[in-house]
Amino acid sequence: MSLAKILLAKTGLLEPARRIRSAGTRATCVALHPVRERLTRLPDPWFLMTSAAPLASPYREHLEELRRDGVTRLSGQVPPAALAELRGSFEIFVQRLDAATATQAAAQGDVTESEEYFDAASRQYSSNDPFTFSRALLEVCLKPELTSLINRYLGKTAYITQGVALRIEPNPNTGFSSFQWHHDAWGKRINMMIILTEVGKGDQHMTYAKGSHRLRHSYDKYVNSRFSHEEFAERCSHLEVLNCYAKPGDIYIFDSNGIHSGNRTNGRARDTFIIEYTRLAHAIWAHRIPPEFLQGFSEKQLEPLSWILRQDRSKRPLAPPVNSWVDQLLSVDKWLL
């Protein structure tokens, strides 16, 4: 304990001092939060001046839909051979976990540092190293038409910071973790959800409040980004809710600032990859990507992976030391540039 803390403790002022400091920190965060929300949404003028020609159809229409609703569904983006490869690698991943007796890894909040695990309580298989599955995944998430669509929406060159693979099994229980109304608490960010299985009305599916991507959430709603039914009704009762049904190989691209929810049912399981694209270099995961998977892509195509490829797994864990947009709010230098 420092000398100052010793003196404060002896005079009975240590706890009051801590409360004052905590209140000051909170006041600073509350003041900085809307500033960052505005600044990080501004398009990069250089990107706008140097970006390529306008998007061709149908990507132009998908961009319009994304800007209007915060979510768009793309079909036919995964060729049949690539889809078969992805589904086959997914089965190997699930079988590997089953053979390992599906031991659940220790988790910290929503972040599990294990490479892969099975959560028996939520009935969910998860991998935090999906880029090891198949080169076909890179072919999808680096597809120039898709990355151009994402860049145009974000107004800046976007980079992949994290990816996950999930098998979400039937479960009669819902309303927990990401299976309730929430936003992702990362500001304006894009999630690409690649769905490998048929998803219908009675299956495990996502719902999205169309237009909610334009909402500005308070600092407190970043600290706790979940919404009760009453809070959702208060903010989104006027909005149409989209049920994200899908055919195998469909892709949903959505702004994770919008209010959305996973839904659990007794219907079919959903196999999906979720890849996150952001504008700022924060919370970058040290994903493993086999070098042979990178062969054949141009330097321009690989640009969205450049932040991940700089990570050294021998010197740092899989998960980054800071996993919350909230925790970095006071580090102004990380979001002003």
# chains A, B, ... in the order shown; residues from 1 in each chain; ligands from 1
>>> select_by_dssp(residues="range 146-332 of chain A", states="strand (DSSP E or B)", output="ChimeraX atom specification")
/A:159-168,182,190-195,199,205-209,226,241-244,246,251-255,260-263,270-278
>>> residues_around(residues="range 130-135 of chain A", least_positions_apart="6", cutoff="6 Å", atoms="only C-alpha atoms", output="PDB file with N, CA and C atoms, in the first residue's frame")
ATOM      1  N   SER A  89     -15.875 -29.856 -42.444  1.00  0.00           N
ATOM      2  CA  SER A  89     -14.932 -29.456 -41.395  1.00  0.00           C
ATOM      3  C   SER A  89     -15.652 -29.178 -40.086  1.00  0.00           C
ATOM      4  N   VAL A 164     -15.772 -16.800 -34.722  1.00  0.00           N
ATOM      5  CA  VAL A 164     -16.178 -17.947 -33.911  1.00  0.00           C
ATOM      6  C   VAL A 164     -16.955 -18.916 -34.797  1.00  0.00           C
ATOM      7  N   ALA A 165     -16.947 -20.166 -34.393  1.00  0.00           N
ATOM      8  CA  ALA A 165     -17.796 -21.189 -35.008  1.00  0.00           C
ATOM      9  C   ALA A 165     -18.707 -21.725 -33.923  1.00  0.00           C
ATOM     10  N   ILE A 289      -4.050 -19.185 -38.254  1.00  0.00           N
ATOM     11  CA  ILE A 289      -4.443 -19.372 -39.648  1.00  0.00           C
ATOM     12  C   ILE A 289      -3.321 -20.148 -40.332  1.00  0.00           C
ATOM     13  N   PHE A 293      -3.347 -21.907 -46.045  1.00  0.00           N
ATOM     14  CA  PHE A 293      -4.658 -21.344 -46.352  1.00  0.00           C
ATOM     15  C   PHE A 293      -4.540 -19.954 -46.975  1.00  0.00           C
TER      16      PHE A 293
END
>>> closest_residue(among="A:Ala286, A:Ala233, A:Tyr222, A:Lys334", to="Pro34 in chain A", atoms="only C-alpha atoms")
A:Tyr222
>>> closest_residue(among="A:Ala100, A:Val140, A:Ile160, A:Ala185", to="Asp327 in chain A", atoms="only C-alpha atoms")
A:Ala185
>>> closest_residue(among="A:Leu146, A:Leu138, A:Leu48, A:Ala84", to="Ile253 in chain A", atoms="only C-alpha atoms")
A:Leu146
>>> select_by_dssp(residues="range 58-204 of chain A", states="helix (DSSP H, G or I)", output="PyMOL selection string")
chain A and resi 59-69+80-99+130-132+135-141+144-154
>>> atom_distance(atom1="CA of Cys244 in chain A", atom2="CA of His205 in chain A")
6.1 Å
>>> atom_distance(atom1="CA of Gly155 in chain A", atom2="CA of Pro45 in chain A")
8.4 Å
>>> residues_around(residues="Val78 in chain A", least_positions_apart="2", cutoff="12 Å", atoms="only C-alpha atoms", output="count of residues only")
28
>>> residues_around(residues="range 65-72 of chain A", least_positions_apart="3", cutoff="9 Å", atoms="only C-alpha atoms", output="PyMOL selection string")
chain A and resi 60-62+153+208-214+242+251-258
